[in-house]
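Novice: So I've got this file, model.cif, and it contains mmCIF, C-alpha atoms and all ligand atoms:
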```cif
data_run
#
loop_
_atom_site.group_PDB
_atom_site.id
_atom_site.type_symbol
_atom_site.label_atom_id
_atom_site.label_comp_id
_atom_site.auth_asym_id
_atom_site.auth_seq_id
_atom_site.Cartn_x
_atom_site.Cartn_y
_atom_site.Cartn_z
ATOM 1 C CA MET A 1 120.826 109.458 125.580
ATOM 2 C CA ALA A 2 117.026 109.548 125.770
ATOM 3 C CA GLN A 3 116.956 106.861 123.109
ATOM 4 C CA GLU A 4 119.347 104.670 125.079
ATOM 5 C CA HIS A 5 117.128 105.088 128.104
ATOM 6 C CA THR A 6 113.981 104.006 126.289
ATOM 7 C CA GLU A 7 115.830 101.130 124.618
ATOM 8 C CA ALA A 8 116.944 99.940 128.063
ATOM 9 C CA LYS A 9 113.368 100.198 129.333
ATOM 10 C CA LYS A 10 112.258 98.040 126.413
ATOM 11 C CA CYS A 11 114.926 95.439 127.165
ATOM 12 C CA PHE A 12 113.741 95.235 130.776
ATOM 13 C CA ALA A 13 110.186 94.850 129.557
ATOM 14 C CA ALA A 14 111.286 92.071 127.178
ATOM 15 C CA VAL A 15 113.052 90.239 130.007
ATOM 16 C CA ALA A 16 109.970 90.610 132.191
ATOM 17 C CA ASN A 17 107.913 89.196 129.350
ATOM 18 C CA GLU A 18 110.204 86.205 128.895
ATOM 19 C CA THR A 19 110.112 85.481 132.594
ATOM 20 C CA GLY A 20 106.341 85.447 132.554
ATOM 21 C CA GLN A 21 105.756 88.870 134.122
ATOM 22 C CA GLU A 22 103.373 91.344 132.579
ATOM 23 C CA TRP A 23 104.492 94.258 130.411
ATOM 24 C CA SER A 24 103.558 96.843 132.997
ATOM 25 C CA HIS A 25 105.156 100.121 131.960
ATOM 26 C CA THR A 26 105.280 100.009 128.242
ATOM 27 C CA LEU A 27 102.931 99.496 125.365
ATOM 28 C CA LYS A 28 104.048 97.082 122.702
ATOM 29 C CA PRO A 29 103.522 97.451 118.949
ATOM 30 C CA ILE A 30 101.555 94.746 117.151
ATOM 31 C CA VAL A 31 101.504 93.890 113.442
ATOM 32 C CA PHE A 32 98.254 92.634 111.927
ATOM 33 C CA TYR A 33 98.605 91.381 108.387
ATOM 34 C CA TYR A 34 97.080 89.291 105.653
ATOM 35 C CA SER A 35 98.939 87.903 102.672
ATOM 36 C CA ARG A 36 97.639 85.557 99.988
ATOM 37 C CA SER A 37 100.858 84.895 98.121
ATOM 38 C CA GLY A 38 103.569 85.897 100.614
ATOM 39 C CA ARG A 39 104.766 89.402 99.667
ATOM 40 C CA THR A 40 102.995 91.259 102.464
ATOM 41 C CA GLU A 41 103.856 88.459 104.867
ATOM 42 C CA LYS A 42 107.593 88.984 104.302
ATOM 43 C CA LEU A 43 107.242 92.699 104.962
ATOM 44 C CA ALA A 44 105.077 92.050 108.026
ATOM 45 C CA HIS A 45 107.648 89.703 109.566
ATOM 46 C CA LEU A 46 110.486 92.118 108.823
ATOM 47 C CA ALA A 47 108.590 95.025 110.409
ATOM 48 C CA ALA A 48 107.617 92.917 113.445
ATOM 49 C CA LYS A 49 111.226 91.876 113.980
ATOM 50 C CA GLU A 50 112.626 95.364 113.590
ATOM 51 C CA MET A 51 109.931 97.146 115.625
ATOM 52 C CA ARG A 52 109.969 94.395 118.268
ATOM 53 C CA ALA A 53 106.283 93.877 117.729
ATOM 54 C CA GLU A 54 103.881 91.022 118.248
ATOM 55 C CA ILE A 55 102.490 89.676 115.002
ATOM 56 C CA MET A 56 99.080 88.270 114.137
ATOM 57 C CA ARG A 57 97.664 87.104 110.833
ATOM 58 C CA ILE A 58 94.130 88.128 109.901
ATOM 59 C CA GLU A 59 92.130 85.455 108.079
ATOM 60 C CA PRO A 60 89.081 85.766 105.852
ATOM 61 C CA GLU A 61 86.021 83.729 106.835
ATOM 62 C CA TYR A 62 86.415 81.734 103.612
ATOM 63 C CA ALA A 63 89.963 81.393 102.237
ATOM 64 C CA TYR A 64 90.745 82.972 98.885
ATOM 65 C CA GLY A 65 92.380 80.449 96.567
ATOM 66 C CA SER A 66 94.531 80.942 93.504
ATOM 67 C CA PHE A 67 95.245 84.336 91.948
ATOM 68 C CA SER A 68 92.576 83.938 89.260
ATOM 69 C CA SER A 69 89.877 82.574 91.580
ATOM 70 C CA SER A 70 90.606 85.377 94.079
ATOM 71 C CA ILE A 71 90.259 87.976 91.325
ATOM 72 C CA SER A 72 86.930 86.612 90.103
ATOM 73 C CA ARG A 73 85.603 86.251 93.651
ATOM 74 C CA VAL A 74 86.584 89.810 94.635
ATOM 75 C CA ILE A 75 84.929 91.175 91.478
ATOM 76 C CA LYS A 76 81.738 89.194 92.235
ATOM 77 C CA GLU A 77 81.735 90.410 95.837
ATOM 78 C CA ARG A 78 81.972 94.020 94.662
ATOM 79 C CA VAL A 79 79.263 93.640 92.009
ATOM 80 C CA ARG A 80 76.887 91.907 94.444
ATOM 81 C CA ARG A 81 77.821 94.299 97.265
ATOM 82 C CA GLU A 82 78.730 91.388 99.507
ATOM 83 C CA HIS A 83 80.760 92.206 102.601
ATOM 84 C CA PRO A 84 83.158 89.340 103.380
ATOM 85 C CA ARG A 85 84.048 88.976 107.038
ATOM 86 C CA SER A 86 87.131 87.888 108.937
ATOM 87 C CA SER A 87 87.143 84.734 111.066
ATOM 88 C CA THR A 88 90.028 85.953 113.276
ATOM 89 C CA PRO A 89 89.009 86.425 116.922
ATOM 90 C CA ILE A 90 89.208 90.046 118.097
ATOM 91 C CA PRO A 91 92.191 90.420 120.467
ATOM 92 C CA ASP A 92 92.402 92.559 123.613
ATOM 93 C CA LEU A 93 94.506 95.496 122.438
ATOM 94 C CA SER A 94 94.856 97.303 125.753
ATOM 95 C CA ARG A 95 98.609 96.542 125.966
ATOM 96 C CA PHE A 96 99.304 97.363 122.319
ATOM 97 C CA ASP A 97 100.103 100.590 120.484
ATOM 98 C CA PRO A 98 100.897 101.375 117.701
ATOM 99 C CA ILE A 99 98.964 98.923 115.539
ATOM 100 C CA PHE A 100 100.574 98.089 112.185
ATOM 101 C CA VAL A 101 98.183 96.832 109.494
ATOM 102 C CA GLY A 102 99.687 95.146 106.409
ATOM 103 C CA TYR A 103 97.667 94.034 103.398
ATOM 104 C CA PRO A 104 97.828 93.459 99.643
ATOM 105 C CA VAL A 105 95.861 96.034 97.634
ATOM 106 C CA TRP A 106 92.819 94.307 96.143
ATOM 107 C CA ALA A 107 90.663 95.984 93.492
ATOM 108 C CA ASN A 108 92.476 99.213 94.309
ATOM 109 C CA ASP A 109 91.355 98.992 97.929
ATOM 110 C CA LEU A 110 91.752 97.352 101.354
ATOM 111 C CA PRO A 111 90.526 93.696 101.254
ATOM 112 C CA GLU A 112 87.060 94.005 102.813
ATOM 113 C CA PHE A 113 87.449 91.294 105.435
ATOM 114 C CA ILE A 114 90.393 93.246 106.894
ATOM 115 C CA GLY A 115 88.132 96.287 107.194
ATOM 116 C CA ASP A 116 85.608 94.041 108.946
ATOM 117 C CA PHE A 117 88.271 92.843 111.406
ATOM 118 C CA LEU A 118 89.565 96.369 112.108
ATOM 119 C CA SER A 119 86.087 97.798 112.574
ATOM 120 C CA ARG A 120 85.449 95.258 115.373
ATOM 121 C CA CYS A 121 88.728 96.048 117.215
ATOM 122 C CA ASP A 122 88.794 98.709 119.946
ATOM 123 C CA LEU A 123 91.189 101.203 118.359
ATOM 124 C CA GLU A 124 90.065 104.300 120.252
ATOM 125 C CA GLY A 125 93.110 106.523 120.867
ATOM 126 C CA LYS A 126 95.506 104.114 119.113
ATOM 127 C CA THR A 127 97.906 104.901 116.291
ATOM 128 C CA VAL A 128 97.410 102.758 113.201
ATOM 129 C CA ILE A 129 100.331 102.412 110.772
ATOM 130 C CA PRO A 130 99.184 100.872 107.473
ATOM 131 C CA PHE A 131 101.513 99.260 104.954
ATOM 132 C CA ALA A 132 100.619 97.586 101.685
ATOM 133 C CA THR A 133 102.027 95.715 98.729
ATOM 134 C CA PHE A 134 100.464 95.873 95.272
ATOM 135 C CA ALA A 135 101.250 95.439 91.589
ATOM 136 C CA VAL A 136 100.703 98.895 90.153
ATOM 137 C CA SER A 137 97.860 100.853 91.666
ATOM 138 C CA GLY A 138 99.241 102.183 94.965
ATOM 139 C CA MET A 139 97.558 102.342 98.361
ATOM 140 C CA GLU A 140 95.995 105.833 98.387
ATOM 141 C CA LYS A 141 92.400 104.686 97.934
ATOM 142 C CA SER A 142 92.776 101.942 100.522
ATOM 143 C CA LEU A 143 93.763 104.536 103.149
ATOM 144 C CA ALA A 144 90.235 105.944 103.140
ATOM 145 C CA SER A 145 88.936 102.442 103.942
ATOM 146 C CA VAL A 146 91.526 101.975 106.698
ATOM 147 C CA THR A 147 90.493 105.335 108.186
ATOM 148 C CA ALA A 148 86.794 104.444 108.000
ATOM 149 C CA ALA A 149 87.372 101.058 109.686
ATOM 150 C CA CYS A 150 89.647 102.337 112.474
ATOM 151 C CA LYS A 151 87.234 104.478 114.468
ATOM 152 C CA GLY A 152 88.921 106.800 116.971
ATOM 153 C CA ALA A 153 92.451 105.971 115.767
ATOM 154 C CA GLN A 154 94.971 108.250 114.124
ATOM 155 C CA ILE A 155 96.436 106.894 110.898
ATOM 156 C CA LEU A 156 100.164 107.598 110.505
ATOM 157 C CA TYR A 157 103.149 106.644 108.342
ATOM 158 C CA PRO A 158 101.526 104.658 105.513
ATOM 159 C CA PHE A 159 104.141 102.610 103.638
ATOM 160 C CA GLU A 160 103.658 101.186 100.159
ATOM 161 C CA ASP A 161 105.676 98.782 98.067
ATOM 162 C CA GLY A 162 104.711 97.989 94.486
ATOM 163 C CA MET A 163 106.259 97.335 91.091
ATOM 164 C CA LEU A 164 105.967 100.897 89.852
ATOM 165 C CA ARG A 165 106.185 102.657 93.209
ATOM 166 C CA GLY A 166 108.322 101.241 95.968
ATOM 167 C CA GLY A 167 108.626 103.001 99.295
ATOM 168 C CA ASP A 168 111.913 103.662 101.033
ATOM 169 C CA TYR A 169 111.682 100.923 103.674
ATOM 170 C CA ARG A 170 114.750 102.000 105.635
ATOM 171 C CA LYS A 171 113.537 105.590 105.919
ATOM 172 C CA TRP A 172 110.071 104.386 106.976
ATOM 173 C CA ARG A 173 111.555 102.067 109.582
ATOM 174 C CA LEU A 174 113.656 104.895 111.001
ATOM 175 C CA ASN A 175 110.705 107.304 111.212
ATOM 176 C CA VAL A 176 108.435 104.711 112.779
ATOM 177 C CA ARG A 177 111.025 103.573 115.287
ATOM 178 C CA ARG A 178 111.681 107.202 116.298
ATOM 179 C CA TYR A 179 107.948 107.609 116.751
ATOM 180 C CA ILE A 180 107.728 104.465 118.907
ATOM 181 C CA TRP A 181 110.676 105.587 121.066
ATOM 182 C CA ASN A 182 109.069 108.987 121.615
ATOM 183 C CA MET A 183 105.753 107.420 122.633
ATOM 184 C CA GLU A 184 107.289 106.034 125.785
HETATM 185 C C1 LIG A 201 92.118 89.580 94.214
HETATM 186 C C2 LIG A 201 93.309 90.444 93.878
HETATM 187 C C3 LIG A 201 93.125 91.757 93.508
HETATM 188 C C4 LIG A 201 94.223 92.582 93.232
HETATM 189 N N1 LIG A 201 94.010 93.880 92.903
HETATM 190 C C5 LIG A 201 95.069 94.704 92.677
HETATM 191 C C6 LIG A 201 94.874 96.083 92.358
HETATM 192 O O1 LIG A 201 93.766 96.603 92.284
HETATM 193 N N2 LIG A 201 95.977 96.836 92.130
HETATM 194 C C7 LIG A 201 97.250 96.333 92.210
HETATM 195 O O2 LIG A 201 98.186 97.071 91.991
HETATM 196 N N3 LIG A 201 97.450 95.030 92.512
HETATM 197 C C8 LIG A 201 96.412 94.207 92.748
HETATM 198 N N4 LIG A 201 96.627 92.870 93.063
HETATM 199 C C9 LIG A 201 97.999 92.393 93.213
HETATM 200 C C10 LIG A 201 98.407 92.322 94.674
HETATM 201 O O3 LIG A 201 98.091 93.503 95.385
HETATM 202 C C11 LIG A 201 99.919 92.110 94.791
HETATM 203 O O4 LIG A 201 100.342 91.029 94.022
HETATM 204 C C12 LIG A 201 100.322 91.961 96.248
HETATM 205 O O5 LIG A 201 101.684 92.295 96.401
HETATM 206 C C13 LIG A 201 100.132 90.524 96.743
HETATM 207 O O6 LIG A 201 100.470 90.465 98.096
HETATM 208 P P1 LIG A 201 100.507 89.105 98.892
HETATM 209 O O7 LIG A 201 101.612 88.248 98.272
HETATM 210 O O8 LIG A 201 100.862 89.499 100.268
HETATM 211 O O9 LIG A 201 99.171 88.446 98.797
HETATM 212 C C14 LIG A 201 95.539 92.044 93.311
HETATM 213 C C15 LIG A 201 95.721 90.686 93.633
HETATM 214 C C16 LIG A 201 94.621 89.899 93.924
HETATM 215 C C17 LIG A 201 94.823 88.441 94.296
#
```
Would it be possible to restate this file's structure as structure tokens?
Ligand SMILES: Cc1cc2nc3c(=O)[nH]c(=O)nc-3n(C[C@H](O)[C@H](O)[C@H](O)COP(=O)(O)O)c2cc1C

Specialist:
Amino acid sequence: MAQEHTEAKKCFAAVANETGQEWSHTLKPIVFYYSRSGRTEKLAHLAAKEMRAEIMRIEPEYAYGSFSSSISRVIKERVRREHPRSSTPIPDLSRFDPIFVGYPVWANDLPEFIGDFLSRCDLEGKTVIPFATFAVSGMEKSLASVTAACKGAQILYPFEDGMLRGGDYRKWRLNVRRYIWNME
């Protein structure tokens, strides 16, 4: 019953949005993501659709090219302790919560320009929900970087999807949607 009520509230908010009125009573989720070759992008669009979230792609200041040139550039950046930045303008997040952050694991970590972007967003008091795709190494190490970049935010419900370890997407979706319903 409570769920139906909050779903109805969301529908009203969506109608208000379509008719040009502000979302006044409800916060909306937003999905930030980066994807070089499309895997994270697919997941990001699926999550945005199912969580009824806005979606925004984060770009690096200088685009990463092919797989092999990205690998050699990321290695060089680490060795030289360079800190690549994002060129994506920082949005006003006052109407958004929770904040999903989707990324491919690079060198066993969060791509640095995403950390740069997140560290310049005002995430105080927000919930950040990270999700990642990778080949084999998992997202554990990257979570420390997400936490460090998202000052004042609580990090919840990380979701990972790789060749050796795939998460249960449906279970994640259910948990996250329950969480979003209860936030209202
Ligand atoms: C520069 C670079 C570094 C990567 N480093 C890792 C890694 O450390 N561990 C891993 O499991 N996969 C690694 N990968 C593989 C990607 O995480 C994986 O293919 C991911 O799903 C790609 O997502 P995308 O299609 O959204 O770009 C790396 C790929 C690139 C291009």

Novice: Produce a table with one row for each residue of chain A that has an atom at most 7 Å from any atom of ligand LIG 201 (chain A), each row naming the nearest atom pair and its distance in Å at one decimal; use all atoms listed in the file; arrange rows by chain and rising residue number; format as a tab-separated table.

Specialist:
```
residue	atom	partner	partner_atom	distance
A:Tyr34	CA	A:LIG201	O8	6.6
A:Ser35	CA	A:LIG201	O8	3.5
A:Arg36	CA	A:LIG201	O9	3.5
A:Ser37	CA	A:LIG201	O7	3.4
A:Gly38	CA	A:LIG201	O7	3.9
A:Arg39	CA	A:LIG201	O7	3.6
A:Thr40	CA	A:LIG201	O8	3.5
A:Glu41	CA	A:LIG201	O8	5.6
A:Phe67	CA	A:LIG201	C17	4.7
A:Ser70	CA	A:LIG201	C1	4.5
A:Ile71	CA	A:LIG201	C1	3.8
A:Val74	CA	A:LIG201	C1	5.6
A:Tyr103	CA	A:LIG201	O8	6.4
A:Pro104	CA	A:LIG201	O3	4.3
A:Val105	CA	A:LIG201	O3	4.1
A:Trp106	CA	A:LIG201	N1	3.5
A:Ala107	CA	A:LIG201	O1	3.4
A:Asn108	CA	A:LIG201	O1	3.5
A:Asp109	CA	A:LIG201	O1	6.6
A:Thr133	CA	A:LIG201	O5	4.2
A:Phe134	CA	A:LIG201	O3	3.4
A:Ala135	CA	A:LIG201	O2	3.5
A:Val136	CA	A:LIG201	O2	3.6
A:Ser137	CA	A:LIG201	O2	3.8
A:Gly138	CA	A:LIG201	O2	6.0
A:Gly162	CA	A:LIG201	O5	6.7
```

Novice: Output the residue selection produced by the PyMOL selection byres (((chain A and resi 30) around 10) and not hetatm) on the file above, formatted as a PyMOL selection string.

Specialist: chain A and resi 27-29+31-33+47-48+51-56+93+95-101+128

Novice: Run through the PyMOL selection byres (((chain A and resi 183) around 10) and not hetatm) on the given coordinates and return the selected residues as a PyMOL selection string.

Specialist: chain A and resi 6+26-27+97-98+177-182+184

Novice: Go ahead and fit an axis-aligned box to every listed atom of range 68-83 of chain A plus 5 Å each side, and pass me the centre and edge lengths in Å, one decimal, as AutoDock Vina command-line options.

Specialist:
```
--center_x 84.7 --center_y 88.4 --center_z 95.9 --size_x 25.7 --size_y 21.7 --size_z 23.3
```

Novice: Separation of CA of Glu140 in chain A and CA of Asp168 in chain A, in Å?

Specialist: 16.3 Å

Novice: Suppose you want the space between CA of Ser119 in chain A and CA of Glu59 in chain A; what is it in Å?

Specialist: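 Computing the Euclidean distance for CA of Ser119 in chain A and CA of Glu59 in chain A yields 14.5 Å.
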